[in-house]
file upload.tsv (TSV, C-alpha atoms)
chain	number	residue	atom	x	y	z
Q	1	ILE	CA	0.00	0.00	0.00
Q	2	ARG	CA	2.88	2.37	0.77
Q	3	ARG	CA	4.44	1.77	-2.64
Q	4	GLY	CA	1.05	2.23	-4.29
Q	5	HIS	CA	0.53	5.52	-2.50
Q	6	ARG	CA	3.93	6.62	-3.77
Q	7	VAL	CA	2.90	5.81	-7.34
Q	8	TYR	CA	-0.41	7.62	-6.94
Q	9	THR	CA	1.22	10.70	-5.39
Q	10	GLN	CA	3.90	11.13	-8.04
Q	11	ILE	CA	2.07	9.92	-11.14
Q	12	GLY	CA	-1.69	9.88	-10.55
Q	13	ALA	CA	-2.33	12.80	-8.16
Q	14	PRO	CA	-1.46	15.56	-10.70
Q	15	CYS	CA	-4.62	14.59	-12.61
Q	16	HIS	CA	-6.83	12.39	-10.43
Q	17	SER	CA	-8.36	13.25	-7.06
Q	18	LEU	CA	-8.93	10.93	-4.10
Q	19	ASN	CA	-11.67	12.88	-2.38
Q	20	ARG	CA	-12.80	10.24	0.13
Q	21	ILE	CA	-9.38	9.64	1.68
Q	22	ALA	CA	-8.13	11.83	4.53
Q	23	PHE	CA	-4.55	12.01	5.74
Q	24	ARG	CA	-5.59	10.22	8.94
Q	25	ASN	CA	-6.55	7.15	6.92
Q	26	LEU	CA	-2.88	6.62	6.06
Q	27	VAL	CA	-1.75	6.45	9.70
Q	28	ASP	CA	-0.56	2.97	10.75
Q	29	VAL	CA	-1.51	1.65	7.32
Q	30	CYS	CA	1.47	2.71	5.25
Q	31	TYR	CA	3.03	5.56	7.29
Q	32	THR	CA	3.60	6.52	10.90
Q	33	GLU	CA	1.60	9.35	12.46
Q	34	ASP	CA	4.60	11.70	12.37
Q	35	GLU	CA	5.19	10.94	8.68
Q	36	VAL	CA	1.57	11.68	7.81
Q	37	LYS	CA	1.57	14.89	9.87
Q	38	ALA	CA	4.65	16.09	8.00
Q	39	MET	CA	3.01	15.14	4.71
Q	40	ALA	CA	-0.17	17.03	5.57
Q	41	GLU	CA	1.69	20.15	6.68
Q	42	GLU	CA	3.19	20.47	3.21
Q	43	VAL	CA	-0.30	21.17	1.85
Q	44	ASP	CA	-1.94	24.60	2.16
Q	45	VAL	CA	-5.62	24.24	3.03
Q	46	VAL	CA	-8.18	27.03	2.61
Q	47	ASP	CA	-10.11	27.40	5.86
Q	48	GLY	CA	-12.29	29.94	7.56
Q	49	PRO	CA	-13.88	32.32	7.87
Q	50	ASN	CA	-11.78	33.91	10.60
Q	51	ASP	CA	-12.93	36.56	13.09
Q	52	GLU	CA	-12.88	39.14	10.30
Q	53	GLY	CA	-14.98	37.00	7.99
Q	54	GLU	CA	-12.10	36.25	5.64
Q	55	MET	CA	-10.95	32.90	4.33
Q	56	PHE	CA	-7.34	32.01	5.05
Q	57	GLU	CA	-4.77	29.36	4.29
Q	58	ARG	CA	-3.24	27.09	6.92
Q	59	PRO	CA	-1.00	24.01	6.93
Q	60	GLY	CA	-2.88	20.75	6.51
Q	61	LYS	CA	-3.62	18.41	9.39
Q	62	LEU	CA	-4.61	14.79	9.79
Q	63	SER	CA	-8.34	15.46	9.54
Q	64	ASP	CA	-8.01	17.13	6.13
Q	65	TYR	CA	-8.72	15.20	2.96
Q	66	LEU	CA	-6.15	14.71	0.23
Q	67	PRO	CA	-6.05	17.80	-2.00
Q	68	ALA	CA	-7.67	17.69	-5.43
Q	69	PRO	CA	-5.56	18.66	-8.45
Q	70	TYR	CA	-8.27	20.96	-9.88
Q	71	PRO	CA	-10.75	23.32	-8.21
Q	72	ASN	CA	-13.71	22.12	-10.30
Q	73	GLU	CA	-14.73	19.89	-13.22
Q	74	GLU	CA	-14.47	22.67	-15.80
Q	75	ALA	CA	-10.85	23.37	-14.90
Q	76	ALA	CA	-10.07	19.65	-15.07
Q	77	ARG	CA	-11.60	19.32	-18.54
Q	78	TYR	CA	-9.83	22.43	-19.80
Q	79	ALA	CA	-6.45	21.13	-18.63
Q	80	ASN	CA	-7.00	17.69	-20.18
Q	81	GLY	CA	-8.33	18.54	-23.62
Q	82	GLY	CA	-11.98	18.04	-22.70
Q	83	ALA	CA	-11.49	14.72	-20.88
Q	84	TYR	CA	-12.50	14.61	-17.22
Q	85	PRO	CA	-10.11	12.62	-14.99
Q	86	PRO	CA	-12.41	10.70	-12.61
Q	87	ASP	CA	-12.00	10.63	-8.86
Q	88	LEU	CA	-10.25	7.38	-7.90
Q	89	SER	CA	-11.73	6.87	-4.43
Q	90	LEU	CA	-14.23	4.25	-5.61
Q	91	ILE	CA	-12.85	3.46	-9.06
Q	92	VAL	CA	-12.06	-0.14	-8.08
Q	93	LYS	CA	-15.69	-0.75	-7.07
Q	94	ALA	CA	-17.04	1.13	-10.07
Q	95	ARG	CA	-15.28	-1.04	-12.66
Q	96	HIS	CA	-15.90	-4.71	-13.37
Q	97	GLY	CA	-12.80	-6.66	-12.43
Q	98	GLY	CA	-11.72	-4.19	-9.74
Q	99	PRO	CA	-7.93	-4.06	-9.28
Q	100	ASP	CA	-7.40	-6.47	-12.19
Q	101	TYR	CA	-9.07	-3.97	-14.51
Q	102	ILE	CA	-6.88	-1.13	-13.20
Q	103	PHE	CA	-3.73	-3.21	-13.72
Q	104	ALA	CA	-4.79	-4.23	-17.26
Q	105	LEU	CA	-5.67	-0.64	-18.17
Q	106	LEU	CA	-2.35	0.77	-16.95
Q	107	THR	CA	-0.29	-1.85	-18.78
Q	108	GLY	CA	-2.52	-2.32	-21.83
Q	109	TYR	CA	-1.59	0.65	-24.02
Q	110	LYS	CA	-0.77	-0.53	-27.55
Q	111	ASP	CA	-0.37	0.76	-31.08
Q	112	PRO	CA	-3.68	0.84	-33.01
Q	113	PRO	CA	-4.30	-2.33	-35.01
Q	114	ALA	CA	-3.85	-2.36	-38.76
Q	115	GLY	CA	-6.46	-0.33	-40.56
Q	116	VAL	CA	-7.26	1.88	-37.54
Q	117	ALA	CA	-6.06	5.46	-37.85
Q	118	PRO	CA	-4.35	6.95	-34.77
Q	119	ARG	CA	-5.92	9.93	-33.01
Q	120	GLU	CA	-4.15	13.07	-31.89
Q	121	THR	CA	-5.60	13.45	-28.40
Q	122	GLN	CA	-6.48	9.84	-27.60
Q	123	TRP	CA	-4.53	6.63	-27.07
Q	124	TYR	CA	-5.48	3.11	-28.01
Q	125	ASN	CA	-6.13	0.75	-25.12
Q	126	PRO	CA	-8.17	-2.43	-25.76
Q	127	TYR	CA	-9.08	-2.69	-22.06
Q	128	PHE	CA	-10.89	0.66	-22.09
Q	129	ASN	CA	-14.51	0.76	-23.19
Q	130	GLY	CA	-14.48	1.81	-26.85
Q	131	GLY	CA	-10.75	1.21	-27.24
Q	132	TRP	CA	-9.73	4.89	-27.11
Q	133	ILE	CA	-8.84	6.72	-23.90
Q	134	GLY	CA	-8.02	10.38	-23.29
Q	135	MET	CA	-5.38	9.61	-20.66
Q	136	PRO	CA	-1.83	9.22	-22.01
Q	137	PRO	CA	0.13	6.19	-20.76
Q	138	PRO	CA	0.97	7.09	-17.14
Q	139	LEU	CA	3.59	4.33	-16.79
Q	140	GLU	CA	5.62	4.70	-19.94
Q	141	GLU	CA	8.96	3.36	-18.72
Q	142	ASP	CA	10.60	1.40	-15.94
Q	143	GLY	CA	12.30	3.26	-13.11
Q	144	ALA	CA	9.94	6.24	-13.08
Q	145	LEU	CA	10.43	6.51	-9.32
Q	146	ASP	CA	12.57	5.02	-6.55
Q	147	TYR	CA	10.91	2.85	-3.91
Q	148	ASP	CA	12.05	3.27	-0.30
Q	149	ASP	CA	12.41	-0.50	0.16
Q	150	GLY	CA	14.54	-0.95	-2.95
Q	151	THR	CA	11.90	-2.78	-4.99
Q	152	PRO	CA	12.56	-2.34	-8.74
Q	153	SER	CA	9.98	0.10	-10.09
Q	154	THR	CA	9.10	-1.71	-13.30
Q	155	ARG	CA	5.92	-0.79	-15.16
Q	156	THR	CA	4.14	-3.93	-14.02
Q	157	GLN	CA	5.30	-3.49	-10.42
Q	158	MET	CA	4.07	0.10	-10.28
Q	159	ALA	CA	0.76	-0.90	-11.89
Q	160	LYS	CA	0.31	-3.68	-9.34
Q	161	ASP	CA	1.19	-1.44	-6.39
Q	162	VAL	CA	-1.16	1.37	-7.35
Q	163	SER	CA	-3.94	-1.15	-8.04
Q	164	VAL	CA	-3.54	-2.54	-4.52
Q	165	PHE	CA	-3.52	0.99	-3.09
Q	166	LEU	CA	-6.71	1.94	-4.93
Q	167	GLN	CA	-8.37	-1.26	-3.75
Q	168	TRP	CA	-7.54	-0.26	-0.18
Q	169	ALA	CA	-8.72	3.32	-0.83
Q	170	SER	CA	-12.13	2.03	-1.91
Q	171	GLU	CA	-12.60	0.48	1.56
Q	172	PRO	CA	-10.07	1.85	4.06
Q	173	GLU	CA	-12.20	0.45	6.89
Q	174	HIS	CA	-12.21	-3.07	5.42
Q	175	ASP	CA	-9.81	-4.69	7.90
Q	176	ASP	CA	-11.39	-3.00	10.91
Q	177	ARG	CA	-14.85	-4.08	9.77
Q	178	LYS	CA	-13.73	-7.68	9.31
Q	179	LEU	CA	-12.05	-7.67	12.73
Q	180	MET	CA	-15.17	-6.26	14.36
Q	181	GLY	CA	-17.28	-8.92	12.63
Q	182	PHE	CA	-14.97	-11.64	13.93
Q	183	LYS	CA	-15.25	-10.25	17.45
Q	184	TRP	CA	-19.04	-10.26	17.18
Q	185	ILE	CA	-19.04	-13.87	15.98
Q	186	VAL	CA	-16.88	-14.92	18.93
Q	187	ALA	CA	-19.08	-13.00	21.38
Q	188	MET	CA	-22.29	-14.43	19.95
Q	189	THR	CA	-20.84	-17.94	20.02
Q	190	ILE	CA	-20.02	-17.56	23.72
Q	191	ALA	CA	-23.48	-16.12	24.37
Q	192	LEU	CA	-25.05	-19.05	22.52
Q	193	GLY	CA	-23.12	-21.46	24.73
Q	194	PHE	CA	-24.38	-19.78	27.91
Q	195	THR	CA	-27.92	-19.65	26.53
Q	196	THR	CA	-27.85	-23.32	25.61
Q	197	TYR	CA	-26.55	-24.25	29.06
Q	198	TYR	CA	-29.20	-22.16	30.79
Q	199	LYS	CA	-31.96	-23.61	28.61
Q	200	ARG	CA	-30.81	-27.21	29.01
Q	201	PHE	CA	-29.93	-27.37	32.68
Q	202	LYS	CA	-31.77	-24.48	34.34
Q	203	TRP	CA	-34.97	-23.76	32.47
Q	204	ALA	CA	-35.83	-27.18	31.04
Q	205	PRO	CA	-36.43	-28.88	34.45
Q	206	LEU	CA	-38.81	-26.07	35.42
Q	207	LYS	CA	-40.60	-26.16	32.10
Q	208	ASN	CA	-41.05	-29.94	32.10
Q	209	ARG	CA	-42.00	-30.50	35.74
Q	210	ARG	CA	-45.44	-31.85	36.54
Q	211	LEU	CA	-47.54	-30.50	39.33
Q	212	GLU	CA	-49.88	-32.86	41.16
Q	213	LEU	CA	-52.73	-31.35	43.08
Q	214	GLU	CA	-54.61	-33.35	45.74
call {"tool": "encode", "arguments": {"input": "upload.tsv", "output": "C-alpha cells"}}
result
Amino acid sequence: IRRGHRVYTQIGAPCHSLNRIAFRNLVDVCYTEDEVKAMAEEVDVVDGPNDEGEMFERPGKLSDYLPAPYPNEEAARYANGGAYPPDLSLIVKARHGGPDYIFALLTGYKDPPAGVAPRETQWYNPYFNGGWIGMPPPLEEDGALDYDDGTPSTRTQMAKDVSVFLQWASEPEHDDRKLMGFKWIVAMTIALGFTTYYKRFKWAPLKNRRLELE
C-alpha cells in the first residue's frame, strides 16, 4: 500500500483526485503518524472564515482530505483537452474486475491495429470501453520513481502497487470491519453457549415439571 501511495502521489495525483481519503486514513496503514503529519503540513488548506470573515490558508492536518488537483470539473476538462479525470476513491468498485481492470488498463496501451487510424488526443487501449482513452500512458517506462524499500519500479510493479492501493482506498475500513465482525461472531458464540446451558440445565427442568394437586 505504501508503494502504491507513492505511485499515486507522483504519477496519478497531478490529474486524479482521491476525495474520500483523509490524511488520517494513512496512519498505521502505510506511514507513521509523524510521517503523515509532515506530509499534511506540506499542503496549504483554505479554511475559515476567521474573526474578520475572511478565508485564510493554513497548513494541513490529519483530519483534512487529500487535495484535489483541480478546483472544479471545468478546470479539469480544460487542462486535459476536454477529458474529465475521474475521482479514484471508488474506481475499483465502479469497474468490473476491480484491481485487475486497473492493472490491465495501466499496462494495456498498444499501437492501433492495422487499418485503424491513430488519433491526436487519444490513445489506443483495448481494455478501455471503446478502445480509445483520453489519458496518455501514465507508466511509460521502468524506473519512473525510486521505492524506499529498494523494490525495482518496473511498469508492471508500479501498476500492481497502485492497483492494490486503490483497492484499499475504496474500503479503508475493510480490515477493521472484518475484525469487528470476527469479534461479534466470537461474542455471539459464547453467548449461545451460555444460553444453551441455561436452557438445558436451568430452564428445562422447570418447564417440564409436573404438578400434582390433591
call {"tool": "residues_near_point", "arguments": {"input": "upload.tsv", "point": "(-6.0, 12.7, -30.1)", "cutoff": "12 Å", "atoms": "all atoms listed in the file", "output": "PDB file with C-alpha atoms, keeping the file's coordinate frame"}}
result
ATOM      1  CA  ASN Q  80      -7.000  17.690 -20.180  1.00  0.00           C
ATOM      2  CA  GLY Q  81      -8.330  18.540 -23.620  1.00  0.00           C
ATOM      3  CA  GLY Q  82     -11.980  18.040 -22.700  1.00  0.00           C
ATOM      4  CA  ALA Q  83     -11.490  14.720 -20.880  1.00  0.00           C
ATOM      5  CA  ALA Q 117      -6.060   5.460 -37.850  1.00  0.00           C
ATOM      6  CA  PRO Q 118      -4.350   6.950 -34.770  1.00  0.00           C
ATOM      7  CA  ARG Q 119      -5.920   9.930 -33.010  1.00  0.00           C
ATOM      8  CA  GLU Q 120      -4.150  13.070 -31.890  1.00  0.00           C
ATOM      9  CA  THR Q 121      -5.600  13.450 -28.400  1.00  0.00           C
ATOM     10  CA  GLN Q 122      -6.480   9.840 -27.600  1.00  0.00           C
ATOM     11  CA  TRP Q 123      -4.530   6.630 -27.070  1.00  0.00           C
ATOM     12  CA  TYR Q 124      -5.480   3.110 -28.010  1.00  0.00           C
ATOM     13  CA  TRP Q 132      -9.730   4.890 -27.110  1.00  0.00           C
ATOM     14  CA  ILE Q 133      -8.840   6.720 -23.900  1.00  0.00           C
ATOM     15  CA  GLY Q 134      -8.020  10.380 -23.290  1.00  0.00           C
ATOM     16  CA  MET Q 135      -5.380   9.610 -20.660  1.00  0.00           C
ATOM     17  CA  PRO Q 136      -1.830   9.220 -22.010  1.00  0.00           C
TER      18      PRO Q 136
END
call {"tool": "atom_distance", "arguments": {"input": "upload.tsv", "atom1": "CA of Asp111 in chain Q", "atom2": "CA of Ala144 in chain Q"}}
result
21.5 Å
call {"tool": "residues_around", "arguments": {"input": "upload.tsv", "residues": "range 17-24 of chain Q", "least_positions_apart": "2", "cutoff": "12 Å", "atoms": "all atoms listed in the file", "output": "CSV table (one decimal) with C-alpha atoms, in the coordinates of the input"}}
result
chain,number,residue,atom,x,y,z
Q,5,HIS,CA,0.5,5.5,-2.5
Q,8,TYR,CA,-0.4,7.6,-6.9
Q,9,THR,CA,1.2,10.7,-5.4
Q,11,ILE,CA,2.1,9.9,-11.1
Q,12,GLY,CA,-1.7,9.9,-10.6
Q,13,ALA,CA,-2.3,12.8,-8.2
Q,14,PRO,CA,-1.5,15.6,-10.7
Q,15,CYS,CA,-4.6,14.6,-12.6
Q,26,LEU,CA,-2.9,6.6,6.1
Q,27,VAL,CA,-1.8,6.4,9.7
Q,28,ASP,CA,-0.6,3.0,10.8
Q,29,VAL,CA,-1.5,1.6,7.3
Q,30,CYS,CA,1.5,2.7,5.2
Q,31,TYR,CA,3.0,5.6,7.3
Q,32,THR,CA,3.6,6.5,10.9
Q,33,GLU,CA,1.6,9.4,12.5
Q,34,ASP,CA,4.6,11.7,12.4
Q,35,GLU,CA,5.2,10.9,8.7
Q,36,VAL,CA,1.6,11.7,7.8
Q,37,LYS,CA,1.6,14.9,9.9
Q,38,ALA,CA,4.6,16.1,8.0
Q,39,MET,CA,3.0,15.1,4.7
Q,40,ALA,CA,-0.2,17.0,5.6
Q,41,GLU,CA,1.7,20.2,6.7
Q,42,GLU,CA,3.2,20.5,3.2
Q,43,VAL,CA,-0.3,21.2,1.8
Q,60,GLY,CA,-2.9,20.8,6.5
Q,61,LYS,CA,-3.6,18.4,9.4
Q,62,LEU,CA,-4.6,14.8,9.8
Q,63,SER,CA,-8.3,15.5,9.5
Q,64,ASP,CA,-8.0,17.1,6.1
Q,65,TYR,CA,-8.7,15.2,3.0
Q,66,LEU,CA,-6.2,14.7,0.2
Q,67,PRO,CA,-6.0,17.8,-2.0
Q,68,ALA,CA,-7.7,17.7,-5.4
Q,69,PRO,CA,-5.6,18.7,-8.4
Q,70,TYR,CA,-8.3,21.0,-9.9
Q,71,PRO,CA,-10.8,23.3,-8.2
Q,72,ASN,CA,-13.7,22.1,-10.3
Q,73,GLU,CA,-14.7,19.9,-13.2
Q,76,ALA,CA,-10.1,19.6,-15.1
Q,84,TYR,CA,-12.5,14.6,-17.2
Q,85,PRO,CA,-10.1,12.6,-15.0
Q,86,PRO,CA,-12.4,10.7,-12.6
Q,87,ASP,CA,-12.0,10.6,-8.9
Q,88,LEU,CA,-10.2,7.4,-7.9
Q,89,SER,CA,-11.7,6.9,-4.4
Q,90,LEU,CA,-14.2,4.2,-5.6
Q,91,ILE,CA,-12.8,3.5,-9.1
Q,165,PHE,CA,-3.5,1.0,-3.1
Q,166,LEU,CA,-6.7,1.9,-4.9
Q,168,TRP,CA,-7.5,-0.3,-0.2
Q,169,ALA,CA,-8.7,3.3,-0.8
Q,170,SER,CA,-12.1,2.0,-1.9
Q,171,GLU,CA,-12.6,0.5,1.6
Q,172,PRO,CA,-10.1,1.8,4.1
Q,173,GLU,CA,-12.2,0.4,6.9
call {"tool": "residues_near_point", "arguments": {"input": "upload.tsv", "point": "(7.2, -1.2, -20.0)", "cutoff": "10 Å", "atoms": "all atoms listed in the file", "output": "PDB file with C-alpha atoms, in the frame of the given file"}}
result
ATOM      1  CA  THR Q 107      -0.290  -1.850 -18.780  1.00  0.00           C
ATOM      2  CA  GLY Q 108      -2.520  -2.320 -21.830  1.00  0.00           C
ATOM      3  CA  TYR Q 109      -1.590   0.650 -24.020  1.00  0.00           C
ATOM      4  CA  LEU Q 139       3.590   4.330 -16.790  1.00  0.00           C
ATOM      5  CA  GLU Q 140       5.620   4.700 -19.940  1.00  0.00           C
ATOM      6  CA  GLU Q 141       8.960   3.360 -18.720  1.00  0.00           C
ATOM      7  CA  ASP Q 142      10.600   1.400 -15.940  1.00  0.00           C
ATOM      8  CA  GLY Q 143      12.300   3.260 -13.110  1.00  0.00           C
ATOM      9  CA  THR Q 154       9.100  -1.710 -13.300  1.00  0.00           C
ATOM     10  CA  ARG Q 155       5.920  -0.790 -15.160  1.00  0.00           C
ATOM     11  CA  THR Q 156       4.140  -3.930 -14.020  1.00  0.00           C
TER      12      THR Q 156
END
call {"tool": "closest_residue", "arguments": {"input": "upload.tsv", "among": "Q:Met158, Q:Ile190, Q:Leu213, Q:Val164", "to": "Val7 in chain Q", "atoms": "only C-alpha atoms"}}
result
Q:Met158
call {"tool": "axis_aligned_box", "arguments": {"input": "upload.tsv", "around": "range 126-145 of chain Q", "padding_each_side": "6 Å", "output": "AutoDock Vina command-line options"}}
result
--center_x -1.1 --center_y 3.8 --center_z -18.3 --size_x 38.8 --size_y 25.1 --size_z 29.9
call {"tool": "residues_around", "arguments": {"input": "upload.tsv", "residues": "Ala104 in chain Q", "least_positions_apart": "5", "cutoff": "10 Å", "atoms": "all atoms listed in the file", "output": "PyMOL selection string"}}
result
chain Q and resi 97+99+109+125-128+156+159-160+163
